[in-house]
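Report on the following structure.
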Amino acid sequence: MVSPPTLRLRIPAVNSRPPPHAVVMRCRRSIAASVSPPGDANGSTGVPAAAPASRDPISLPRPLTTADLMEASGDGLKVAYQGCPGAYSEAAAKKAYPSCQTVPCEYFETAFQAVENWVADRAVLPLENSLGGSIHRNYDLLLRHRLHIVGDVRLAVRHCLLANRGVKIENLRSAMSHPQALAQCEQTLTKLGIEHREAVDDTAGAAKLIAEHKLQDTGAVASSLAAQLYGLDILAENIQDDTDNITRFMMLAREPIIPRTDKPFKTSIVFSLEEGPGQLFKALAVFALRKINLTKMESRPHKKKPLRLADDNCSAPLKHFDYLFYVDLEASMADPNAQNALANLKEFATFLRVLGSYPTDVSEA
């Protein structure tokens, strides 16, 4: 584990010190000035002293965090992602932080740990795909770790069919890639006469394996960047079955950012509810009544409490799955309307956690 650098302040030496009586006199003058306003010798001005102005604690400025001080371009940042160099996650990291130094990680959890242990400053990990749906593993890891979502970024996925130099499409009998990438190119691969599929951990890893083992009958489904990195030929481009293939990535940090209201923000939360009719309706109503739009809702079984016993007046108690609900709101936590909604939800939710309040990615995928 790499510990954060320790800052040491050097105080310049003072060559001469004032005599003790000067220090005492200075302190007395300071105290008198703070207690009595200018006036006569008795400290009276003839005007009643005004009470100190009070400020609403909510309106007071919040301390800056290191997340606020980082450059938007990512200059100097180390950003962890899952996969080998050339993975789509690396491209997403570069889109989020163009000047960052990327750190490849073997597993999703490794990327979480890299940020927690100060090996990296950020992690950029996939959360959902427009074709394949949610990446459930990362939803589960969000609860296991204490990182905060500080942004999201959308990336258009453009799959290519890669092979070693000199290999033709008609020579290929198999395609290797991440399971989701293979599923997204299923029809195109079949039309090309490639029937066999081999699943590996990530798309760039497939390109790396094919290049290292000099495979002549197997192609990789990966990015054009992976072809450049591993010296492979691009036999076909944009082979995904659906042209609108977009993956949404989340940006994670050790500290949250300060939410604002001068730009579009999104807030991600997770909560659980008691078993009973109307509980989910009641939870969603706290947002509907305040006209807060929900952009996503995902339910996952509660791993710590997977089953709940319910007595329905039967001979034996029934067992129900206990669920966690992940919700994205089109709102900033700086908005009192959103704060009131979560305060209302907290009154009856058995568990509630804000995963992050962050700017919405409005750029082209």
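Starting from 1 in every chain, residues are counted up; chains themselves are A, B, ... following the order of the structure tokens, and ligands are numbered from 1 as listed.
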- Every residue of region 65-159 of chain A that DSSP places in alpha helix (DSSP H), as a PyMOL selection string: chain A and resi 66-69+88-96+108-116+136-144
Skipping near chain neighbours, those fewer than 6 positions away, what residues fall within 8 Å of Ile210 (chain A) using only C-alpha atoms, listed as number ranges by chain? A: 163-164, 218-220
Those residues with C-alpha atoms, as a PDB file, in the first residue's frame please?
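Below is the file that was written, part.pdb:
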```
ATOM      1  CA  ALA A 163      -6.330 -11.155 -36.620  1.00  0.00           C
ATOM      2  CA  ASN A 164      -2.604 -11.717 -37.087  1.00  0.00           C
ATOM      3  CA  THR A 218      -8.883 -17.300 -34.327  1.00  0.00           C
ATOM      4  CA  GLY A 219      -9.814 -13.617 -34.453  1.00  0.00           C
ATOM      5  CA  ALA A 220     -10.387 -11.134 -31.659  1.00  0.00           C
TER       6      ALA A 220
END
```
Checklist entry - Can you tell me, as a PyMOL selection string, what residues are no more than 10 Å from Glu128 (chain A) when counting only C-alpha atoms, ignoring any on the same chain fewer than 5 positions away? => result chain A and resi 133-136+138-139+154+246-250
For the residues in that selection, give me N, CA and C atoms as an mmCIF file, in the first residue's frame.
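Full text of part.cif as output:
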```cif
data_model
loop_
_atom_site.group_PDB
_atom_site.id
_atom_site.type_symbol
_atom_site.label_atom_id
_atom_site.label_comp_id
_atom_site.auth_asym_id
_atom_site.auth_seq_id
_atom_site.Cartn_x
_atom_site.Cartn_y
_atom_site.Cartn_z
ATOM 1 N N GLY A 133 -27.102 -4.311 -20.953
ATOM 2 C CA GLY A 133 -27.673 -3.998 -19.643
ATOM 3 C C GLY A 133 -26.612 -3.664 -18.606
ATOM 4 N N SER A 134 -26.960 -3.877 -17.345
ATOM 5 C CA SER A 134 -26.107 -3.462 -16.227
ATOM 6 C C SER A 134 -24.967 -4.445 -15.983
ATOM 7 N N ILE A 135 -23.855 -3.915 -15.502
ATOM 8 C CA ILE A 135 -22.730 -4.742 -15.048
ATOM 9 C C ILE A 135 -22.929 -4.941 -13.551
ATOM 10 N N HIS A 136 -23.580 -6.031 -13.184
ATOM 11 C CA HIS A 136 -24.020 -6.229 -11.805
ATOM 12 C C HIS A 136 -22.861 -6.331 -10.822
ATOM 13 N N ASN A 138 -20.220 -4.574 -10.619
ATOM 14 C CA ASN A 138 -19.809 -3.258 -10.136
ATOM 15 C C ASN A 138 -20.853 -2.628 -9.227
ATOM 16 N N TYR A 139 -22.120 -2.967 -9.420
ATOM 17 C CA TYR A 139 -23.141 -2.506 -8.473
ATOM 18 C C TYR A 139 -22.880 -3.094 -7.087
ATOM 19 N N ARG A 154 -19.897 8.525 -21.150
ATOM 20 C CA ARG A 154 -20.468 7.579 -22.110
ATOM 21 C C ARG A 154 -19.501 7.387 -23.271
ATOM 22 N N ILE A 246 -23.612 1.772 -26.725
ATOM 23 C CA ILE A 246 -22.981 2.765 -25.857
ATOM 24 C C ILE A 246 -22.835 2.200 -24.447
ATOM 25 N N THR A 247 -21.666 2.363 -23.875
ATOM 26 C CA THR A 247 -21.419 1.939 -22.493
ATOM 27 C C THR A 247 -21.260 3.174 -21.619
ATOM 28 N N ARG A 248 -21.911 3.141 -20.471
ATOM 29 C CA ARG A 248 -21.796 4.231 -19.496
ATOM 30 C C ARG A 248 -20.821 3.795 -18.411
ATOM 31 N N PHE A 249 -19.818 4.627 -18.177
ATOM 32 C CA PHE A 249 -18.793 4.348 -17.179
ATOM 33 C C PHE A 249 -18.956 5.312 -16.009
ATOM 34 N N MET A 250 -18.609 4.856 -14.818
ATOM 35 C CA MET A 250 -18.615 5.729 -13.644
ATOM 36 C C MET A 250 -17.179 6.062 -13.271
#
```
In terms of only C-alpha atoms, the residue from A:Ala211, A:Leu355, A:Val79, A:Ile169 at minimal distance from Glu255 (chain A) is A:Leu355
Who sits within 6 Å of region 193-204 of chain A, only C-alpha atoms, same chain under 3 positions skipped, as an mmCIF file with N, CA, C and O atoms, in the first residue's frame:
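out-v2.cif was written with the following content:
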```
data_model
loop_
_atom_site.group_PDB
_atom_site.id
_atom_site.type_symbol
_atom_site.label_atom_id
_atom_site.label_comp_id
_atom_site.auth_asym_id
_atom_site.auth_seq_id
_atom_site.Cartn_x
_atom_site.Cartn_y
_atom_site.Cartn_z
ATOM 1 N N GLY A 83 -8.830 -4.371 -17.184
ATOM 2 C CA GLY A 83 -8.494 -4.895 -18.495
ATOM 3 C C GLY A 83 -7.044 -4.635 -18.858
ATOM 4 O O GLY A 83 -6.262 -4.075 -18.088
ATOM 5 N N CYS A 84 -6.692 -5.060 -20.081
ATOM 6 C CA CYS A 84 -5.352 -4.839 -20.615
ATOM 7 C C CYS A 84 -5.313 -3.523 -21.366
ATOM 8 O O CYS A 84 -6.357 -2.973 -21.739
ATOM 9 N N GLY A 86 -5.522 -0.955 -24.161
ATOM 10 C CA GLY A 86 -6.306 -1.057 -25.384
ATOM 11 C C GLY A 86 -7.755 -1.422 -25.139
ATOM 12 O O GLY A 86 -8.551 -1.473 -26.088
ATOM 13 N N ALA A 87 -8.126 -1.652 -23.867
ATOM 14 C CA ALA A 87 -9.514 -1.980 -23.535
ATOM 15 C C ALA A 87 -10.391 -0.746 -23.699
ATOM 16 O O ALA A 87 -9.918 0.395 -23.663
ATOM 17 N N ARG A 173 -11.918 -19.648 -37.781
ATOM 18 C CA ARG A 173 -12.921 -20.623 -37.332
ATOM 19 C C ARG A 173 -13.499 -20.235 -35.980
ATOM 20 O O ARG A 173 -14.513 -20.767 -35.556
ATOM 21 N N SER A 174 -12.834 -19.310 -35.291
ATOM 22 C CA SER A 174 -13.246 -18.970 -33.931
ATOM 23 C C SER A 174 -13.051 -17.474 -33.685
ATOM 24 O O SER A 174 -12.183 -16.842 -34.303
ATOM 25 N N ALA A 175 -13.868 -16.923 -32.779
ATOM 26 C CA ALA A 175 -13.733 -15.528 -32.356
ATOM 27 C C ALA A 175 -13.574 -15.509 -30.840
ATOM 28 O O ALA A 175 -14.286 -16.210 -30.114
ATOM 29 N N MET A 176 -12.638 -14.687 -30.359
ATOM 30 C CA MET A 176 -12.336 -14.611 -28.930
ATOM 31 C C MET A 176 -12.572 -13.184 -28.445
ATOM 32 O O MET A 176 -12.170 -12.225 -29.096
ATOM 33 N N SER A 177 -13.248 -13.044 -27.287
ATOM 34 C CA SER A 177 -13.467 -11.721 -26.716
ATOM 35 C C SER A 177 -14.194 -11.853 -25.379
ATOM 36 O O SER A 177 -14.442 -12.960 -24.889
ATOM 37 N N HIS A 178 -14.525 -10.699 -24.798
ATOM 38 C CA HIS A 178 -15.360 -10.663 -23.598
ATOM 39 C C HIS A 178 -16.754 -11.189 -23.962
ATOM 40 O O HIS A 178 -17.235 -10.961 -25.083
ATOM 41 N N PRO A 179 -17.437 -11.895 -23.053
ATOM 42 C CA PRO A 179 -18.755 -12.461 -23.374
ATOM 43 C C PRO A 179 -19.747 -11.439 -23.907
ATOM 44 O O PRO A 179 -20.504 -11.736 -24.848
ATOM 45 N N LEU A 189 -20.911 -12.135 -36.729
ATOM 46 C CA LEU A 189 -19.921 -13.220 -36.748
ATOM 47 C C LEU A 189 -20.466 -14.445 -37.458
ATOM 48 O O LEU A 189 -19.743 -15.126 -38.210
ATOM 49 N N THR A 190 -21.738 -14.740 -37.238
ATOM 50 C CA THR A 190 -22.353 -15.896 -37.907
ATOM 51 C C THR A 190 -22.386 -15.689 -39.422
ATOM 52 O O THR A 190 -22.105 -16.621 -40.196
ATOM 53 N N ALA A 207 -7.112 -9.775 -27.854
ATOM 54 C CA ALA A 207 -6.154 -9.355 -28.880
ATOM 55 C C ALA A 207 -4.729 -9.704 -28.471
ATOM 56 O O ALA A 207 -3.917 -10.157 -29.292
ATOM 57 N N ALA A 222 -12.358 -6.676 -30.706
ATOM 58 C CA ALA A 222 -11.759 -5.668 -29.831
ATOM 59 C C ALA A 222 -11.754 -4.324 -30.553
ATOM 60 O O ALA A 222 -12.347 -4.173 -31.631
ATOM 61 N N ALA A 226 -6.601 -1.549 -29.827
ATOM 62 C CA ALA A 226 -5.977 -2.838 -29.493
ATOM 63 C C ALA A 226 -5.215 -3.390 -30.693
ATOM 64 O O ALA A 226 -4.145 -3.993 -30.546
#
```
Taking only region 209-292 of chain A into account, list the residues labelled strand (DSSP E or B) by DSSP (computed from the backbone), as a list of chain:residue names.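 The residues of region 209-292 of chain A classed as strand (DSSP E or B) are A:Thr218, A:Gly219, A:Ala220, A:Val221, A:Ala222, A:Asp233, A:Ile234, A:Leu235, A:Ala236, A:Glu237, A:Ile246, A:Thr247, A:Arg248, A:Phe249, A:Met250, A:Met251, A:Leu252, A:Ala253, A:Phe265, A:Lys266, A:Thr267, A:Ser268, A:Ile269, A:Val270, A:Phe271, A:Ser272.
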Keeping N, CA and C atoms for every residue in the selection just given, could you write it to a file as an mmCIF file, in the first residue's frame?
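Resulting contents of result04.cif:
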```cif
data_model
loop_
_atom_site.group_PDB
_atom_site.id
_atom_site.type_symbol
_atom_site.label_atom_id
_atom_site.label_comp_id
_atom_site.auth_asym_id
_atom_site.auth_seq_id
_atom_site.Cartn_x
_atom_site.Cartn_y
_atom_site.Cartn_z
ATOM 1 N N THR A 218 -8.053 -17.968 -35.321
ATOM 2 C CA THR A 218 -8.883 -17.300 -34.327
ATOM 3 C C THR A 218 -8.708 -15.786 -34.441
ATOM 4 N N GLY A 219 -9.836 -15.076 -34.425
ATOM 5 C CA GLY A 219 -9.814 -13.617 -34.453
ATOM 6 C C GLY A 219 -10.281 -13.056 -33.120
ATOM 7 N N ALA A 220 -9.981 -11.806 -32.889
ATOM 8 C CA ALA A 220 -10.387 -11.134 -31.659
ATOM 9 C C ALA A 220 -11.409 -10.053 -31.985
ATOM 10 N N VAL A 221 -12.401 -9.931 -31.131
ATOM 11 C CA VAL A 221 -13.355 -8.821 -31.213
ATOM 12 C C VAL A 221 -12.886 -7.784 -30.204
ATOM 13 N N ALA A 222 -12.358 -6.676 -30.706
ATOM 14 C CA ALA A 222 -11.759 -5.668 -29.831
ATOM 15 C C ALA A 222 -11.754 -4.324 -30.553
ATOM 16 N N ASP A 233 -4.042 -7.012 -37.670
ATOM 17 C CA ASP A 233 -4.776 -6.422 -38.792
ATOM 18 C C ASP A 233 -6.250 -6.290 -38.435
ATOM 19 N N ILE A 234 -6.876 -5.235 -38.941
ATOM 20 C CA ILE A 234 -8.321 -5.056 -38.791
ATOM 21 C C ILE A 234 -8.990 -5.640 -40.034
ATOM 22 N N LEU A 235 -9.691 -6.772 -39.848
ATOM 23 C CA LEU A 235 -10.344 -7.442 -40.976
ATOM 24 C C LEU A 235 -11.731 -6.878 -41.245
ATOM 25 N N ALA A 236 -12.375 -6.346 -40.226
ATOM 26 C CA ALA A 236 -13.714 -5.751 -40.394
ATOM 27 C C ALA A 236 -13.944 -4.756 -39.265
ATOM 28 N N GLU A 237 -14.609 -3.649 -39.581
ATOM 29 C CA GLU A 237 -14.885 -2.611 -38.589
ATOM 30 C C GLU A 237 -16.389 -2.516 -38.319
ATOM 31 N N ILE A 246 -23.612 1.772 -26.725
ATOM 32 C CA ILE A 246 -22.981 2.765 -25.857
ATOM 33 C C ILE A 246 -22.835 2.200 -24.447
ATOM 34 N N THR A 247 -21.666 2.363 -23.875
ATOM 35 C CA THR A 247 -21.419 1.939 -22.493
ATOM 36 C C THR A 247 -21.260 3.174 -21.619
ATOM 37 N N ARG A 248 -21.911 3.141 -20.471
ATOM 38 C CA ARG A 248 -21.796 4.231 -19.496
ATOM 39 C C ARG A 248 -20.821 3.795 -18.411
ATOM 40 N N PHE A 249 -19.818 4.627 -18.177
ATOM 41 C CA PHE A 249 -18.793 4.348 -17.179
ATOM 42 C C PHE A 249 -18.956 5.312 -16.009
ATOM 43 N N MET A 250 -18.609 4.856 -14.818
ATOM 44 C CA MET A 250 -18.615 5.729 -13.644
ATOM 45 C C MET A 250 -17.179 6.062 -13.271
ATOM 46 N N MET A 251 -17.000 7.269 -12.771
ATOM 47 C CA MET A 251 -15.697 7.745 -12.298
ATOM 48 C C MET A 251 -15.736 7.746 -10.779
ATOM 49 N N LEU A 252 -14.786 7.052 -10.163
ATOM 50 C CA LEU A 252 -14.783 6.860 -8.710
ATOM 51 C C LEU A 252 -13.585 7.554 -8.077
ATOM 52 N N ALA A 253 -13.789 8.094 -6.871
ATOM 53 C CA ALA A 253 -12.719 8.756 -6.127
ATOM 54 C C ALA A 253 -12.874 8.466 -4.644
ATOM 55 N N PHE A 265 -26.794 17.899 -13.003
ATOM 56 C CA PHE A 265 -26.198 16.962 -12.063
ATOM 57 C C PHE A 265 -27.073 15.726 -11.959
ATOM 58 N N LYS A 266 -26.441 14.647 -11.575
ATOM 59 C CA LYS A 266 -27.130 13.386 -11.319
ATOM 60 C C LYS A 266 -26.725 12.905 -9.935
ATOM 61 N N THR A 267 -27.650 12.267 -9.240
ATOM 62 C CA THR A 267 -27.359 11.707 -7.925
ATOM 63 C C THR A 267 -27.719 10.226 -7.934
ATOM 64 N N SER A 268 -26.795 9.386 -7.488
ATOM 65 C CA SER A 268 -27.016 7.935 -7.409
ATOM 66 C C SER A 268 -27.164 7.534 -5.956
ATOM 67 N N ILE A 269 -28.214 6.760 -5.663
ATOM 68 C CA ILE A 269 -28.467 6.304 -4.295
ATOM 69 C C ILE A 269 -28.760 4.818 -4.311
ATOM 70 N N VAL A 270 -28.699 4.196 -3.143
ATOM 71 C CA VAL A 270 -29.123 2.804 -2.965
ATOM 72 C C VAL A 270 -29.881 2.733 -1.644
ATOM 73 N N PHE A 271 -30.992 1.982 -1.640
ATOM 74 C CA PHE A 271 -31.791 1.872 -0.421
ATOM 75 C C PHE A 271 -32.495 0.525 -0.380
ATOM 76 N N SER A 272 -32.975 0.163 0.793
ATOM 77 C CA SER A 272 -33.779 -1.047 0.964
ATOM 78 C C SER A 272 -35.035 -0.676 1.735
#
```
Using only C-alpha atoms, the best pick from A:Ala123, A:Ala92, A:Cys100, A:Leu232 as closest to Asp75 (chain A) would be A:Cys100
Which residues are close to Ser223 (chain A), i.e. within 7 Å by only C-alpha atoms, leaving aside same-chain residues fewer than 4 positions away? Reply as number ranges by chain.
A: 158-160, 227
What would the file look like if the residues just selected were written as a PDB file, in the first residue's frame with C-alpha atoms?
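Output below, filename again09.pdb:
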```pdb
ATOM      1  CA  ARG A 158     -17.088   0.205 -32.085  1.00  0.00           C
ATOM      2  CA  HIS A 159     -16.089  -3.439 -32.306  1.00  0.00           C
ATOM      3  CA  CYS A 160     -13.527  -4.609 -34.879  1.00  0.00           C
ATOM      4  CA  ALA A 227      -5.034  -3.635 -33.102  1.00  0.00           C
TER       5      ALA A 227
END
```
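The nearest approach to Thr295 (chain A) among the residues A:Leu161, A:Leu143, A:Leu229, A:Ala331, with only C-alpha atoms taken into account, belongs to A:Ala331.
Atom pair CA of Val103 (chain A) / CA of Arg144 (chain A) has a distance of 21.4 Å (rounded to one decimal).
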*Rank nothing, just name the residue among A:Ala206, A:Leu77, A:Leu141, A:Val150 nearest to Ser99 (chain A), using only C-alpha atoms.*
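Of A:Ala206, A:Leu77, A:Leu141, A:Val150, the one nearest Ser99 (chain A), counting only C-alpha atoms, is A:Leu77.
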Point to revise | Lys78 (chain A) surroundings by only C-alpha atoms, 9 Å radius, close-in-sequence under 4 positions cut, as a PyMOL selection string | key: chain A and resi 74+100-103+119-123
Would you write out those residues with N, CA, C and O atoms, as a compact mmCIF listing (two decimals), in the first residue's frame?
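File written: result_28.txt
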```txt
# COMPACT_ATOMS: atom_id res chain seq x y z
N GLY A 74 -7.29 15.97 -16.06
CA GLY A 74 -6.67 14.81 -15.43
C GLY A 74 -5.16 14.87 -15.43
O GLY A 74 -4.51 13.84 -15.20
N CYS A 100 -4.51 11.98 -18.32
CA CYS A 100 -4.21 11.11 -17.18
C CYS A 100 -3.21 10.01 -17.55
O CYS A 100 -2.95 9.74 -18.72
N GLN A 101 -2.67 9.38 -16.52
CA GLN A 101 -1.85 8.18 -16.67
C GLN A 101 -2.73 6.99 -16.31
O GLN A 101 -3.21 6.89 -15.19
N THR A 102 -2.98 6.11 -17.26
CA THR A 102 -3.89 4.98 -17.01
C THR A 102 -3.16 3.83 -16.32
O THR A 102 -1.97 3.58 -16.57
N VAL A 103 -3.89 3.12 -15.45
CA VAL A 103 -3.35 2.01 -14.68
C VAL A 103 -4.21 0.78 -14.92
O VAL A 103 -5.33 0.69 -14.39
N VAL A 119 -2.91 3.86 -4.71
CA VAL A 119 -2.11 3.50 -5.88
C VAL A 119 -2.58 4.30 -7.09
O VAL A 119 -1.80 4.64 -7.98
N ALA A 120 -3.88 4.61 -7.14
CA ALA A 120 -4.47 5.42 -8.20
C ALA A 120 -5.34 6.50 -7.57
O ALA A 120 -5.77 6.38 -6.43
N ASP A 121 -5.58 7.57 -8.34
CA ASP A 121 -6.41 8.67 -7.86
C ASP A 121 -7.88 8.49 -8.21
O ASP A 121 -8.76 8.98 -7.51
N ARG A 122 -8.14 7.82 -9.31
CA ARG A 122 -9.50 7.59 -9.79
C ARG A 122 -9.60 6.17 -10.34
O ARG A 122 -8.59 5.54 -10.65
N ALA A 123 -10.84 5.73 -10.50
CA ALA A 123 -11.12 4.50 -11.25
C ALA A 123 -12.25 4.81 -12.22
O ALA A 123 -13.20 5.53 -11.87
```
**Shell around region 343-351 of chain A at 8 Å using only C-alpha atoms, local window under 2 positions removed, as a ChimeraX atom specification** = /A:270-274,283,286,339-341,353
Write the residues of the preceding selection, restricted to N, CA and C atoms, as a tab-separated table (two decimals), in the first residue's frame.
```tsv
chain	number	residue	atom	x	y	z
A	270	VAL	N	-28.70	4.20	-3.14
A	270	VAL	CA	-29.12	2.80	-2.96
A	270	VAL	C	-29.88	2.73	-1.64
A	271	PHE	N	-30.99	1.98	-1.64
A	271	PHE	CA	-31.79	1.87	-0.42
A	271	PHE	C	-32.49	0.52	-0.38
A	272	SER	N	-32.97	0.16	0.79
A	272	SER	CA	-33.78	-1.05	0.96
A	272	SER	C	-35.04	-0.68	1.74
A	273	LEU	N	-36.05	-1.53	1.63
A	273	LEU	CA	-37.36	-1.26	2.23
A	273	LEU	C	-37.86	-2.46	3.01
A	274	GLU	N	-38.79	-2.19	3.89
A	274	GLU	CA	-39.48	-3.27	4.58
A	274	GLU	C	-40.37	-4.02	3.60
A	283	ALA	N	-41.87	4.72	-1.80
A	283	ALA	CA	-40.51	5.23	-1.99
A	283	ALA	C	-40.41	6.07	-3.26
A	286	VAL	N	-41.86	9.79	-3.19
A	286	VAL	CA	-41.13	10.93	-2.61
A	286	VAL	C	-40.43	11.73	-3.70
A	339	GLN	N	-32.73	17.21	-1.32
A	339	GLN	CA	-32.45	16.93	0.08
A	339	GLN	C	-33.72	16.55	0.84
A	340	ASN	N	-34.81	17.25	0.58
A	340	ASN	CA	-36.07	16.93	1.23
A	340	ASN	C	-36.59	15.56	0.81
A	341	ALA	N	-36.40	15.21	-0.46
A	341	ALA	CA	-36.85	13.91	-0.94
A	341	ALA	C	-36.12	12.78	-0.22
A	353	ARG	N	-28.11	5.05	1.26
A	353	ARG	CA	-26.75	5.57	1.08
A	353	ARG	C	-26.67	6.33	-0.23
```
